[in-house]
$ cat entry-v2.txt   # compact mmCIF, C-alpha atoms and all ligand atoms
# COMPACT_ATOMS: atom_id res chain seq x y z
CA MET A 1 112.01 135.80 118.82
CA GLN A 2 111.99 133.50 121.83
CA MET A 3 114.89 131.06 121.96
CA GLY A 4 114.57 127.45 123.02
CA PHE A 5 116.86 124.43 123.18
CA ARG A 6 115.82 120.87 122.49
CA TRP A 7 116.11 118.63 125.54
CA PHE A 8 115.46 114.89 125.47
CA GLY A 9 114.82 114.50 129.19
CA GLU A 10 116.52 113.39 132.38
CA GLY A 11 118.68 110.33 131.75
CA ASN A 12 118.03 110.57 128.02
CA ASP A 13 120.24 113.52 127.10
CA THR A 14 123.93 114.26 127.60
CA VAL A 15 123.05 117.94 127.98
CA THR A 16 121.74 119.13 131.35
CA LEU A 17 119.22 121.83 132.18
CA ASP A 18 121.93 123.67 134.12
CA GLN A 19 124.00 123.82 130.94
CA ILE A 20 121.06 125.00 128.87
CA ARG A 21 120.23 127.84 131.25
CA GLN A 22 123.77 129.22 130.81
CA ILE A 23 123.39 129.71 127.06
CA PRO A 24 122.60 133.40 126.58
CA GLY A 25 119.00 134.25 125.80
CA VAL A 26 117.54 130.75 126.11
CA THR A 27 114.20 130.92 127.89
CA GLY A 28 112.73 127.48 127.35
CA ILE A 29 113.27 123.83 126.55
CA VAL A 30 111.80 122.14 123.51
CA TRP A 31 110.75 118.81 124.93
CA ALA A 32 108.74 115.62 124.62
CA LEU A 33 108.05 112.39 126.46
CA HIS A 34 110.36 110.26 124.38
CA ASP A 35 109.49 107.03 126.18
CA VAL A 36 105.79 107.19 125.31
CA PRO A 37 105.18 105.31 122.02
CA ALA A 38 103.51 107.19 119.14
CA GLY A 39 99.75 106.94 119.42
CA GLU A 40 99.54 106.67 123.21
CA GLU A 41 98.09 109.33 125.45
CA TRP A 42 100.76 111.16 127.47
CA PRO A 43 100.45 110.53 131.22
CA MET A 44 99.91 113.67 133.29
CA ASP A 45 102.40 112.74 136.01
CA LYS A 46 105.20 112.48 133.44
CA ILE A 47 104.21 115.80 131.88
CA GLU A 48 104.24 117.46 135.29
CA ALA A 49 107.62 115.96 136.12
CA VAL A 50 109.20 117.71 133.11
CA ARG A 51 107.36 120.94 133.94
CA ASP A 52 108.82 120.86 137.48
CA GLN A 53 112.35 120.04 136.32
CA ALA A 54 112.28 122.91 133.83
CA ALA A 55 110.82 125.32 136.39
CA ARG A 56 113.65 124.53 138.80
CA ALA A 57 116.10 125.60 136.08
CA GLY A 58 114.05 128.72 135.32
CA LEU A 59 113.10 127.47 131.85
CA ASN A 60 109.65 127.37 130.26
CA ILE A 61 108.06 124.35 128.55
CA ASP A 62 106.07 126.32 125.96
CA VAL A 63 107.15 124.22 122.97
CA VAL A 64 106.71 120.46 122.61
CA GLU A 65 108.56 118.56 119.87
CA SER A 66 107.13 116.21 118.94
CA VAL A 67 103.81 114.59 119.72
CA ASN A 68 104.36 111.85 117.16
CA VAL A 69 101.60 110.74 114.84
CA HIS A 70 100.85 107.00 114.75
CA GLU A 71 101.46 105.32 111.38
CA ASP A 72 97.81 104.19 111.25
CA ILE A 73 96.79 107.86 111.05
CA LYS A 74 99.18 108.46 108.14
CA LEU A 75 97.95 105.25 106.51
CA GLY A 76 94.29 106.17 107.03
CA ARG A 77 93.48 102.86 108.71
CA PRO A 78 90.18 102.50 110.61
CA SER A 79 92.12 102.27 113.87
CA ARG A 80 93.24 105.89 113.37
CA ASP A 81 90.24 107.25 115.29
CA GLY A 82 91.42 105.72 118.56
CA TYR A 83 94.89 107.17 118.10
CA ILE A 84 93.43 110.56 117.18
CA ALA A 85 91.33 110.49 120.36
CA ASN A 86 94.53 109.90 122.36
CA TYR A 87 96.21 112.75 120.50
CA LYS A 88 93.38 115.12 121.42
CA ARG A 89 93.60 114.19 125.08
CA THR A 90 97.35 114.81 124.98
CA ILE A 91 96.75 118.28 123.51
CA GLU A 92 94.29 119.04 126.31
CA LYS A 93 96.73 117.91 128.97
CA LEU A 94 99.58 119.93 127.47
CA ALA A 95 97.33 123.01 127.52
CA GLN A 96 96.82 122.50 131.24
CA VAL A 97 100.55 122.97 131.90
CA GLY A 98 100.76 126.03 129.64
CA VAL A 99 102.18 124.57 126.40
CA LYS A 100 101.75 127.00 123.48
CA VAL A 101 103.10 125.12 120.44
CA ILE A 102 103.13 121.46 119.42
CA CYS A 103 105.53 120.42 116.66
CA TYR A 104 104.85 117.16 114.81
CA ASN A 105 105.58 115.66 111.42
CA PHE A 106 103.71 113.58 108.87
CA MET A 107 106.58 111.58 107.38
CA PRO A 108 105.84 107.91 106.75
CA VAL A 109 108.11 105.42 108.56
CA PHE A 110 111.19 107.62 109.06
CA ASP A 111 111.82 110.94 110.73
CA TRP A 112 115.03 112.55 109.44
CA LEU A 113 117.00 110.17 107.29
CA ARG A 114 120.79 110.09 106.96
CA THR A 115 123.36 107.58 105.75
CA ASP A 116 126.09 108.51 108.24
CA LEU A 117 125.69 110.00 111.70
CA ARG A 118 129.35 110.94 112.18
CA LYS A 119 130.87 111.98 108.89
CA GLU A 120 134.08 113.91 109.29
CA LEU A 121 134.26 117.52 108.10
CA GLU A 122 137.53 119.26 107.06
CA ASP A 123 138.12 120.60 110.57
CA GLY A 124 137.86 117.16 112.23
CA SER A 125 134.39 117.69 113.68
CA THR A 126 131.67 115.24 112.63
CA ALA A 127 128.10 115.73 111.46
CA LEU A 128 125.05 114.04 109.99
CA PHE A 129 125.49 113.20 106.32
CA TYR A 130 123.18 112.12 103.49
CA GLU A 131 124.67 110.20 100.60
CA LYS A 132 122.11 110.28 97.85
CA SER A 133 123.23 107.19 95.94
CA LYS A 134 122.84 105.02 99.06
CA ILE A 135 119.15 105.85 99.31
CA GLU A 136 117.68 107.01 96.07
CA ASP A 137 116.48 104.64 93.40
CA ILE A 138 116.87 101.78 95.86
CA ASP A 139 114.08 99.31 96.40
CA PRO A 140 113.66 99.04 100.19
CA PHE A 141 112.89 95.31 100.04
CA GLU A 142 116.14 94.78 98.16
CA LEU A 143 117.98 96.80 100.80
CA VAL A 144 116.44 94.68 103.58
CA ARG A 145 117.62 91.56 101.75
CA ARG A 146 121.14 92.93 101.36
CA ILE A 147 121.42 93.93 105.02
CA ASN A 148 120.12 90.53 106.08
CA GLU A 149 122.93 88.95 104.08
CA ASN A 150 125.60 91.36 105.23
CA SER A 151 124.88 93.35 108.38
CA ALA A 152 127.88 95.62 107.64
CA LEU A 153 125.73 97.29 104.99
CA THR A 154 123.41 98.72 107.59
CA MET A 155 122.51 102.41 107.88
CA PRO A 156 121.08 104.50 110.72
CA GLY A 157 117.48 103.38 111.24
CA TRP A 158 118.15 100.08 109.42
CA GLU A 159 119.66 98.16 112.31
CA PRO A 160 119.13 94.38 111.84
CA GLU A 161 116.72 94.22 114.81
CA ARG A 162 114.41 96.74 113.10
CA LEU A 163 114.30 95.07 109.69
CA ALA A 164 111.15 93.00 110.29
CA HIS A 165 109.31 96.06 111.56
CA LEU A 166 110.52 98.12 108.59
CA THR A 167 109.47 95.46 106.11
CA ALA A 168 105.94 95.40 107.54
CA LEU A 169 105.72 99.19 107.28
CA PHE A 170 106.98 99.25 103.70
CA GLU A 171 104.35 96.66 102.83
CA ALA A 172 101.65 98.74 104.50
CA TYR A 173 102.63 101.79 102.45
CA GLN A 174 102.55 100.01 99.11
CA GLY A 175 99.93 101.74 97.02
CA VAL A 176 99.71 104.74 99.36
CA THR A 177 100.22 107.72 97.06
CA GLN A 178 100.98 111.33 97.87
CA GLU A 179 97.29 112.12 97.31
CA HIS A 180 96.29 109.49 99.88
CA LEU A 181 98.71 111.05 102.33
CA TRP A 182 97.20 114.52 101.68
CA ASP A 183 93.74 113.09 102.37
CA ASN A 184 94.87 111.44 105.58
CA LEU A 185 96.57 114.63 106.70
CA ARG A 186 93.40 116.62 106.01
CA TYR A 187 91.38 114.15 108.08
CA PHE A 188 93.87 114.41 110.95
CA LEU A 189 93.82 118.23 110.87
CA SER A 190 90.04 118.41 110.75
CA GLU A 191 89.97 116.43 114.00
CA ILE A 192 92.93 117.96 115.81
CA VAL A 193 92.94 121.67 114.97
CA PRO A 194 89.54 122.47 116.53
CA VAL A 195 90.82 120.99 119.80
CA ALA A 196 94.06 122.97 119.53
CA GLU A 197 92.06 126.16 118.87
CA ARG A 198 89.96 125.57 121.95
CA CYS A 199 93.10 124.93 124.01
CA GLY A 200 95.05 127.91 122.65
CA ILE A 201 97.80 125.65 121.28
CA LYS A 202 99.35 126.20 117.87
CA MET A 203 100.02 123.02 115.89
CA ALA A 204 103.18 123.32 113.80
CA ILE A 205 104.04 120.67 111.21
CA HIS A 206 107.74 119.99 110.60
CA PRO A 207 108.82 119.64 106.95
CA ASP A 208 110.03 116.33 105.64
CA ASP A 209 113.74 115.70 105.97
CA PRO A 210 115.03 115.34 103.32
CA PRO A 211 112.23 117.12 101.45
CA TRP A 212 111.58 114.50 98.79
CA PRO A 213 110.18 110.95 98.65
CA VAL A 214 112.53 108.20 99.82
CA PHE A 215 112.34 104.43 99.30
CA GLY A 216 109.11 104.86 97.38
CA LEU A 217 107.40 106.34 100.44
CA PRO A 218 105.28 109.42 99.81
CA ARG A 219 106.48 112.71 101.30
CA ILE A 220 104.48 115.91 100.92
CA ILE A 221 105.73 118.66 103.25
CA THR A 222 108.60 119.49 100.96
CA SER A 223 108.28 122.86 99.19
CA GLN A 224 106.73 126.32 99.22
CA ALA A 225 103.85 125.20 96.98
CA ASN A 226 103.13 122.21 99.20
CA LEU A 227 103.29 124.29 102.38
CA ARG A 228 100.75 126.62 100.78
CA ARG A 229 98.53 123.64 100.03
CA PHE A 230 99.00 122.38 103.59
CA LEU A 231 97.90 125.69 105.14
CA LYS A 232 94.76 125.67 103.00
CA LEU A 233 93.77 122.20 104.21
CA TYR A 234 92.63 123.86 107.40
CA ASP A 235 92.66 127.63 107.42
CA SER A 236 93.33 128.64 111.01
CA PRO A 237 96.17 130.38 112.87
CA TYR A 238 96.29 127.19 114.96
CA ASN A 239 97.26 125.16 111.91
CA GLY A 240 100.84 126.29 111.32
CA ILE A 241 104.35 125.35 110.33
CA THR A 242 107.64 124.59 112.07
CA LEU A 243 109.74 126.23 109.40
CA CYS A 244 112.96 124.18 109.40
CA SER A 245 115.61 125.86 107.27
CA GLY A 246 117.84 122.80 107.29
CA SER A 247 115.24 120.27 106.22
CA LEU A 248 113.86 122.44 103.43
CA GLY A 249 117.34 123.74 102.60
CA ALA A 250 118.54 120.28 101.53
CA ASN A 251 116.76 121.14 98.28
CA PRO A 252 118.48 124.28 96.94
CA ASP A 253 115.32 125.15 94.97
CA ASN A 254 113.61 125.96 98.26
CA ASP A 255 113.73 129.72 98.95
CA ILE A 256 113.35 129.89 102.73
CA VAL A 257 113.37 133.70 102.85
CA ALA A 258 110.42 133.79 100.44
CA MET A 259 108.59 131.23 102.62
CA ILE A 260 109.09 133.32 105.76
CA HIS A 261 107.51 136.29 104.02
CA GLU A 262 104.65 134.34 102.47
CA PHE A 263 103.74 132.33 105.58
CA ALA A 264 104.65 135.04 108.13
CA ASP A 265 101.51 134.69 110.26
CA ARG A 266 101.52 130.89 110.22
CA ILE A 267 105.00 130.15 111.64
CA PRO A 268 104.78 129.70 115.41
CA PHE A 269 108.11 127.85 115.53
CA ALA A 270 111.37 128.23 113.59
CA HIS A 271 114.17 125.67 113.32
CA ILE A 272 117.29 127.44 112.13
CA ARG A 273 120.26 125.46 110.85
CA ASN A 274 122.56 125.21 107.87
CA VAL A 275 123.42 122.39 105.48
CA ARG A 276 125.98 122.17 102.70
CA VAL A 277 124.52 120.68 99.55
CA TYR A 278 126.99 119.19 97.07
CA GLU A 279 126.58 119.16 93.32
CA ASN A 280 125.73 115.45 93.26
CA GLY A 281 122.87 116.01 95.73
CA ASP A 282 124.64 114.71 98.85
CA PHE A 283 124.44 117.00 101.85
CA ILE A 284 126.10 117.43 105.23
CA GLU A 285 125.09 119.47 108.24
CA THR A 286 127.48 122.31 109.05
CA SER A 287 127.86 125.07 111.61
CA HIS A 288 125.01 127.58 111.64
CA ARG A 289 127.24 130.21 110.02
CA THR A 290 126.03 131.30 106.58
CA GLN A 291 129.40 130.88 104.86
CA ASP A 292 129.76 127.28 106.05
CA GLY A 293 126.79 125.92 104.12
CA THR A 294 124.39 126.63 101.29
CA VAL A 295 121.48 127.99 103.34
CA ASP A 296 121.31 131.78 103.70
CA ILE A 297 121.07 131.87 107.50
CA ALA A 298 121.84 135.62 107.65
CA GLY A 299 119.04 136.30 105.17
CA ILE A 300 116.69 134.03 107.10
CA VAL A 301 117.25 135.76 110.44
CA GLN A 302 116.86 139.13 108.70
CA ALA A 303 113.57 137.93 107.21
CA TYR A 304 112.28 136.87 110.63
CA HIS A 305 113.23 140.28 111.93
CA ASP A 306 111.53 141.99 109.00
CA ILE A 307 108.22 140.20 109.67
CA GLY A 308 108.41 141.13 113.37
CA PHE A 309 108.71 137.48 114.40
CA THR A 310 107.66 136.98 118.03
CA GLY A 311 107.39 133.17 117.89
CA TYR A 312 109.71 130.47 119.15
CA ALA A 313 113.00 129.45 117.55
CA ARG A 314 115.69 126.93 118.22
CA PRO A 315 119.02 126.03 116.69
CA ASP A 316 118.63 122.67 115.03
CA HIS A 317 121.13 119.86 114.56
CA GLY A 318 124.75 120.77 115.24
CA ARG A 319 128.12 119.17 114.55
CA HIS A 320 129.89 117.08 117.19
CA LEU A 321 132.80 119.18 118.45
CA TRP A 322 135.78 118.93 120.73
CA GLY A 323 135.35 115.19 121.25
CA GLU A 324 131.88 115.53 122.66
CA GLN A 325 129.95 112.29 123.20
CA CYS A 326 126.30 113.07 122.55
CA ARG A 327 123.15 112.13 120.65
CA PRO A 328 123.78 112.51 116.91
CA GLY A 329 123.12 116.15 116.00
CA TYR A 330 122.23 117.15 119.53
CA GLY A 331 125.44 118.05 121.33
CA LEU A 332 125.80 121.11 123.51
CA TYR A 333 128.66 123.01 121.91
CA ASP A 334 127.69 123.54 118.29
CA ARG A 335 124.09 124.33 119.08
CA ALA A 336 125.20 126.84 121.75
CA LEU A 337 127.54 128.44 119.19
CA GLY A 338 124.64 128.45 116.76
CA ILE A 339 122.47 130.35 119.22
CA MET A 340 125.13 133.03 119.67
CA TYR A 341 125.37 133.40 115.89
CA LEU A 342 121.59 133.71 115.59
CA TRP A 343 121.47 136.33 118.36
CA GLY A 344 124.34 138.20 116.71
CA LEU A 345 122.40 138.41 113.47
CA TRP A 346 119.21 139.31 115.31
CA ASP A 347 120.82 142.07 117.41
CA GLY A 348 122.49 143.48 114.32
CA ALA A 349 119.10 143.60 112.61
CA GLU A 350 117.63 145.38 115.65
CA ARG A 351 120.35 148.03 115.53
CA ARG A 352 119.88 148.61 111.83
CA ALA A 353 116.12 148.94 112.23
CA ALA A 354 116.54 151.42 115.10
CA ARG A 355 118.99 153.50 113.05
CA GLU A 356 116.61 153.50 110.08
CA ARG A 357 113.73 154.62 112.28
CA LYS A 358 115.89 157.54 113.51
CA VAL A 359 116.87 158.78 110.05
CA ALA A 360 113.35 158.32 108.69
CA PRO A 361 111.59 161.69 108.20
C1 LIG A 401 114.75 117.74 113.08
C2 LIG A 401 113.65 116.67 113.17
O1 LIG A 401 115.26 116.94 110.96
C3 LIG A 401 115.14 117.93 111.63
O2 LIG A 401 115.31 119.03 111.21
O3 LIG A 401 114.42 118.97 113.61
O4 LIG A 401 114.20 115.58 113.77
C4 LIG A 401 112.45 117.08 113.94
O5 LIG A 401 112.82 117.13 115.25
C5 LIG A 401 111.24 116.19 113.85
O6 LIG A 401 111.07 115.72 112.60
C6 LIG A 401 109.98 116.95 114.24
O7 LIG A 401 108.88 116.12 114.31
MN MN A 402 114.21 120.71 112.11
$ encode --input "entry-v2.txt" --output "C-alpha cells" --more "lines below"
Ligand code: CS2
Ligand code: MN
Amino acid sequence: MQMGFRWFGEGNDTVTLDQIRQIPGVTGIVWALHDVPAGEEWPMDKIEAVRDQAARAGLNIDVVESVNVHEDIKLGRPSRDGYIANYKRTIEKLAQVGVKVICYNFMPVFDWLRTDLRKELEDGSTALFYEKSKIEDIDPFELVRRINENSALTMPGWEPERLAHLTALFEAYQGVTQEHLWDNLRYFLSEIVPVAERCGIKMAIHPDDPPWPVFGLPRIITSQANLRRFLKLYDSPYNGITLCSGSLGANPDNDIVAMIHEFADRIPFAHIRNVRVYENGDFIETSHRTQDGTVDIAGIVQAYHDIGFTGYARPDHGRHLWGEQCRPGYGLYDRALGIMYLWGLWDGAERRAARERKVAP
C-alpha cells in the first residue's frame, strides 16, 4: 500500500507540502489542477509546476484526483466529442510526467453532497453532515424557488449565485435516466480507456457520494452490483475503481470488505474513511477509527492486506480539529491521525501474517 495525501495546490490549500512530508509513510500527493474548468485540456506548464513543487518536497505525483468529466459527456450531447478529445490529450500529458492513476467521477451536477459542512460532534470537533430530509423527496426547482425567496435556506453548493447555473443543469438532466447515464459512461470509457492503456495510466472511477440518486438526478456508481456492471462495460485492468469506503459506506447495505475481495485486481486507488450512519438515514463523517463510525475500517485494511494490495491509498475527508481553519473535510490534523491509524492496522496485519507464515508447516 502506497500512501498519499490530497493537496489542492499552492495558494489553494491550507496544508503545505512541508507538512505533508512529515506525516509518516506518505510518499506522494494526490493532486489536480483545480483552476482548469472541467472539459478543458490541462496546460503542460501548470502540470510541470506541480511536478516540480512536489519533487522539491520529495513527494511523487503518481495519483491525480480528479480530471473532471464535462457535463456534456455525462449528458451524451454531440459536443461531448470535443471534450473527450481534450480529456485524451490530458491523459497523454499526465503520462509524460509519470502519472500512474487518474481518479474521476461520473456524478451529474454535484460531486459529494452535504447539508452542513461544519456540524458539531460530541467532542466539539466539526465534520461534514448529510441530513436526509433536507435533500430527499425534494423537487430541485422547488428548492431553487425557496432559496430565491429566502437566502437563509441555502445549502453548500446552492449558494444564490449558483442557482441559475443549477437550474439550467437540472433542466438538461430532465428525462436522462440511469440507463442513459450507463450508455454515456460506456461511450466515454470506449474512447478513454484505450488511450489510458497505451499511456500506462489506470483510470479509477470514484463512487457516487452519497451512493443513491439525489434531486431526481441519476446516480449509478453506488453498489457492488453496479460496480460489477461498471467493470464489465470495458474489461481492462486500466478501467478500474477508486474504492471509497466513506462514499459507499453511507449505505450500510454496502459490504466494502466483500467488494475489496471481488474487485481485488481492479482497485488501483483506495479512499479510506469512516462515516456514522444514523437510523433515520442521516450521516456524519467521523474519525477514521472503526469504533467511531459504522464502517468497518479495521476489516477493510485487513482485506487490503489479505489481497496483497500494492496500489495507492489516501485517508479521505477528516473532521476539523483543534480550531483548524481549512477546506471542509481537508484539514491536516484528522487526516494525519487517520493515516497513523491506517498504518497501525496495516503493520499489525503484517506482523500477524509473518507469524502465521512461521508457524505454518
Ligand atoms: C471525495 C470526493 O466524496 C469523497 O469521498 O473523495 O470528493 C472525491 O474527491 C471526488 O468525487 C473524486 O472525483
Ligand atoms: Mn472518496
$ closest_residue --input "entry-v2.txt" --among "A:Asp282, A:Asp35, A:Glu65, A:Asp296" --to "ligand LIG 401 (chain A)" --atoms "only C-alpha atoms and all ligand atoms"
A:Glu65
$ residues_near_ligand --input "entry-v2.txt" --ligand "ligand LIG 401 (chain A)" --cutoff "8 Å" --atoms "only C-alpha atoms and all ligand atoms" --output "list in words"
Glu65, Ser66, Val67, Asn68, Cys103, Tyr104, Asn105, Phe106, Asp111, Trp112, Leu113, Ile205, His206, Pro207, Asp208, Asp209, Pro210, Cys244, Ser245, Gly246, Ser247, His271, Asp316 and His317 of chain A
$ closest_residue --input "entry-v2.txt" --among "A:Ala164, A:Pro37, A:Asp265, A:Lys134" --to "A:Asn148" --atoms "all atoms listed in the file"
A:Ala164
$ residues_around --input "entry-v2.txt" --residues "A:Ala264" --least-positions-apart "5" --cutoff "10 Å" --atoms "only C-alpha atoms" --output "list in words"
Ile241, Ala258, Met259, Ala303, Tyr304, Asp306, Ile307, Gly308 and Phe309 of chain A
$ residues_near_point --input "entry-v2.txt" --point "(96.7, 108.9, 101.0)" --cutoff "12 Å" --atoms "only C-alpha atoms" --output "number ranges by chain"
A: 71-77, 106, 108, 172-188, 217-220
$ atom_distance --input "entry-v2.txt" --atom1 "atom CA of A:Gly98" --atom2 "atom CA of A:Ile339"
24.5 Å
$ residues_around --input "entry-v2.txt" --residues "A:Pro252" --least-positions-apart "6" --cutoff "9 Å" --atoms "only C-alpha atoms" --output "NGL selection string"
:A and (277 or 294-295)
$ atom_distance --input "entry-v2.txt" --atom1 "atom CA of A:Thr167" --atom2 "atom CA of A:Asn86"
26.4 Å
$ atom_distance --input "entry-v2.txt" --atom1 "atom CA of A:Gly318" --atom2 "atom CA of A:Tyr278"
18.4 Å
$ closest_residue --input "entry-v2.txt" --among "A:Ile284, A:Phe263, A:Val63, A:Leu243" --to "ligand MN 402 (chain A)" --atoms "all atoms listed in the file"
A:Leu243
$ decode --input "entry-v2.txt" --residues "stretch 178-205 of chain A" --atoms "N, CA and C atoms" --output "PDB file, in the first residue's frame"
ATOM      1  N   GLN A 178     -31.141   6.514 -15.560  1.00  0.00           N
ATOM      2  CA  GLN A 178     -29.908   5.793 -15.196  1.00  0.00           C
ATOM      3  C   GLN A 178     -29.366   5.039 -16.411  1.00  0.00           C
ATOM      4  N   GLU A 179     -30.270   4.466 -17.217  1.00  0.00           N
ATOM      5  CA  GLU A 179     -29.791   3.727 -18.397  1.00  0.00           C
ATOM      6  C   GLU A 179     -29.092   4.646 -19.394  1.00  0.00           C
ATOM      7  N   HIS A 180     -29.591   5.873 -19.551  1.00  0.00           N
ATOM      8  CA  HIS A 180     -28.882   6.826 -20.417  1.00  0.00           C
ATOM      9  C   HIS A 180     -27.480   7.091 -19.878  1.00  0.00           C
ATOM     10  N   LEU A 181     -27.415   7.244 -18.560  1.00  0.00           N
ATOM     11  CA  LEU A 181     -26.115   7.550 -17.949  1.00  0.00           C
ATOM     12  C   LEU A 181     -25.143   6.380 -18.148  1.00  0.00           C
ATOM     13  N   TRP A 182     -25.654   5.150 -18.011  1.00  0.00           N
ATOM     14  CA  TRP A 182     -24.808   3.964 -18.287  1.00  0.00           C
ATOM     15  C   TRP A 182     -24.300   4.010 -19.724  1.00  0.00           C
ATOM     16  N   ASP A 183     -25.177   4.325 -20.670  1.00  0.00           N
ATOM     17  CA  ASP A 183     -24.773   4.385 -22.078  1.00  0.00           C
ATOM     18  C   ASP A 183     -23.690   5.441 -22.288  1.00  0.00           C
ATOM     19  N   ASN A 184     -23.888   6.604 -21.661  1.00  0.00           N
ATOM     20  CA  ASN A 184     -22.928   7.684 -21.856  1.00  0.00           C
ATOM     21  C   ASN A 184     -21.590   7.364 -21.201  1.00  0.00           C
ATOM     22  N   LEU A 185     -21.662   6.625 -20.099  1.00  0.00           N
ATOM     23  CA  LEU A 185     -20.420   6.195 -19.440  1.00  0.00           C
ATOM     24  C   LEU A 185     -19.689   5.178 -20.317  1.00  0.00           C
ATOM     25  N   ARG A 186     -20.448   4.258 -20.909  1.00  0.00           N
ATOM     26  CA  ARG A 186     -19.819   3.262 -21.781  1.00  0.00           C
ATOM     27  C   ARG A 186     -19.113   3.949 -22.962  1.00  0.00           C
ATOM     28  N   TYR A 187     -19.789   4.920 -23.542  1.00  0.00           N
ATOM     29  CA  TYR A 187     -19.208   5.664 -24.669  1.00  0.00           C
ATOM     30  C   TYR A 187     -17.899   6.339 -24.246  1.00  0.00           C
ATOM     31  N   PHE A 188     -17.936   6.990 -23.083  1.00  0.00           N
ATOM     32  CA  PHE A 188     -16.746   7.673 -22.556  1.00  0.00           C
ATOM     33  C   PHE A 188     -15.598   6.680 -22.372  1.00  0.00           C
ATOM     34  N   LEU A 189     -15.903   5.536 -21.732  1.00  0.00           N
ATOM     35  CA  LEU A 189     -14.851   4.539 -21.479  1.00  0.00           C
ATOM     36  C   LEU A 189     -14.274   3.993 -22.781  1.00  0.00           C
ATOM     37  N   SER A 190     -15.143   3.759 -23.755  1.00  0.00           N
ATOM     38  CA  SER A 190     -14.662   3.155 -25.000  1.00  0.00           C
ATOM     39  C   SER A 190     -13.694   4.101 -25.720  1.00  0.00           C
ATOM     40  N   GLU A 191     -13.804   5.392 -25.446  1.00  0.00           N
ATOM     41  CA  GLU A 191     -12.886   6.365 -26.027  1.00  0.00           C
ATOM     42  C   GLU A 191     -11.613   6.534 -25.201  1.00  0.00           C
ATOM     43  N   ILE A 192     -11.799   6.574 -23.880  1.00  0.00           N
ATOM     44  CA  ILE A 192     -10.714   6.957 -22.973  1.00  0.00           C
ATOM     45  C   ILE A 192      -9.776   5.795 -22.616  1.00  0.00           C
ATOM     46  N   VAL A 193     -10.354   4.628 -22.338  1.00  0.00           N
ATOM     47  CA  VAL A 193      -9.528   3.546 -21.781  1.00  0.00           C
ATOM     48  C   VAL A 193      -8.428   3.092 -22.758  1.00  0.00           C
ATOM     49  N   PRO A 194      -8.702   3.007 -24.064  1.00  0.00           N
ATOM     50  CA  PRO A 194      -7.597   2.631 -24.958  1.00  0.00           C
ATOM     51  C   PRO A 194      -6.413   3.606 -24.872  1.00  0.00           C
ATOM     52  N   VAL A 195      -6.706   4.870 -24.686  1.00  0.00           N
ATOM     53  CA  VAL A 195      -5.631   5.862 -24.559  1.00  0.00           C
ATOM     54  C   VAL A 195      -4.884   5.631 -23.245  1.00  0.00           C
ATOM     55  N   ALA A 196      -5.641   5.394 -22.178  1.00  0.00           N
ATOM     56  CA  ALA A 196      -5.020   5.140 -20.870  1.00  0.00           C
ATOM     57  C   ALA A 196      -4.137   3.889 -20.940  1.00  0.00           C
ATOM     58  N   GLU A 197      -4.629   2.859 -21.609  1.00  0.00           N
ATOM     59  CA  GLU A 197      -3.838   1.613 -21.758  1.00  0.00           C
ATOM     60  C   GLU A 197      -2.511   1.908 -22.438  1.00  0.00           C
ATOM     61  N   ARG A 198      -2.601   2.651 -23.526  1.00  0.00           N
ATOM     62  CA  ARG A 198      -1.392   2.978 -24.278  1.00  0.00           C
ATOM     63  C   ARG A 198      -0.419   3.804 -23.440  1.00  0.00           C
ATOM     64  N   CYS A 199      -0.958   4.626 -22.550  1.00  0.00           N
ATOM     65  CA  CYS A 199      -0.126   5.508 -21.732  1.00  0.00           C
ATOM     66  C   CYS A 199       0.308   4.857 -20.420  1.00  0.00           C
ATOM     67  N   GLY A 200      -0.219   3.671 -20.121  1.00  0.00           N
ATOM     68  CA  GLY A 200       0.138   3.023 -18.849  1.00  0.00           C
ATOM     69  C   GLY A 200      -0.478   3.714 -17.640  1.00  0.00           C
ATOM     70  N   ILE A 201      -1.644   4.342 -17.847  1.00  0.00           N
ATOM     71  CA  ILE A 201      -2.337   5.015 -16.736  1.00  0.00           C
ATOM     72  C   ILE A 201      -3.615   4.267 -16.402  1.00  0.00           C
ATOM     73  N   LYS A 202      -3.820   4.006 -15.114  1.00  0.00           N
ATOM     74  CA  LYS A 202      -5.064   3.337 -14.714  1.00  0.00           C
ATOM     75  C   LYS A 202      -6.135   4.371 -14.398  1.00  0.00           C
ATOM     76  N   MET A 203      -7.274   4.254 -15.059  1.00  0.00           N
ATOM     77  CA  MET A 203      -8.423   5.115 -14.780  1.00  0.00           C
ATOM     78  C   MET A 203      -9.173   4.495 -13.601  1.00  0.00           C
ATOM     79  N   ALA A 204      -9.614   5.334 -12.663  1.00  0.00           N
ATOM     80  CA  ALA A 204     -10.231   4.804 -11.441  1.00  0.00           C
ATOM     81  C   ALA A 204     -11.446   5.644 -11.066  1.00  0.00           C
ATOM     82  N   ILE A 205     -12.628   5.127 -11.362  1.00  0.00           N
ATOM     83  CA  ILE A 205     -13.849   5.908 -11.105  1.00  0.00           C
ATOM     84  C   ILE A 205     -14.144   5.963  -9.602  1.00  0.00           C
TER      85      ILE A 205
END
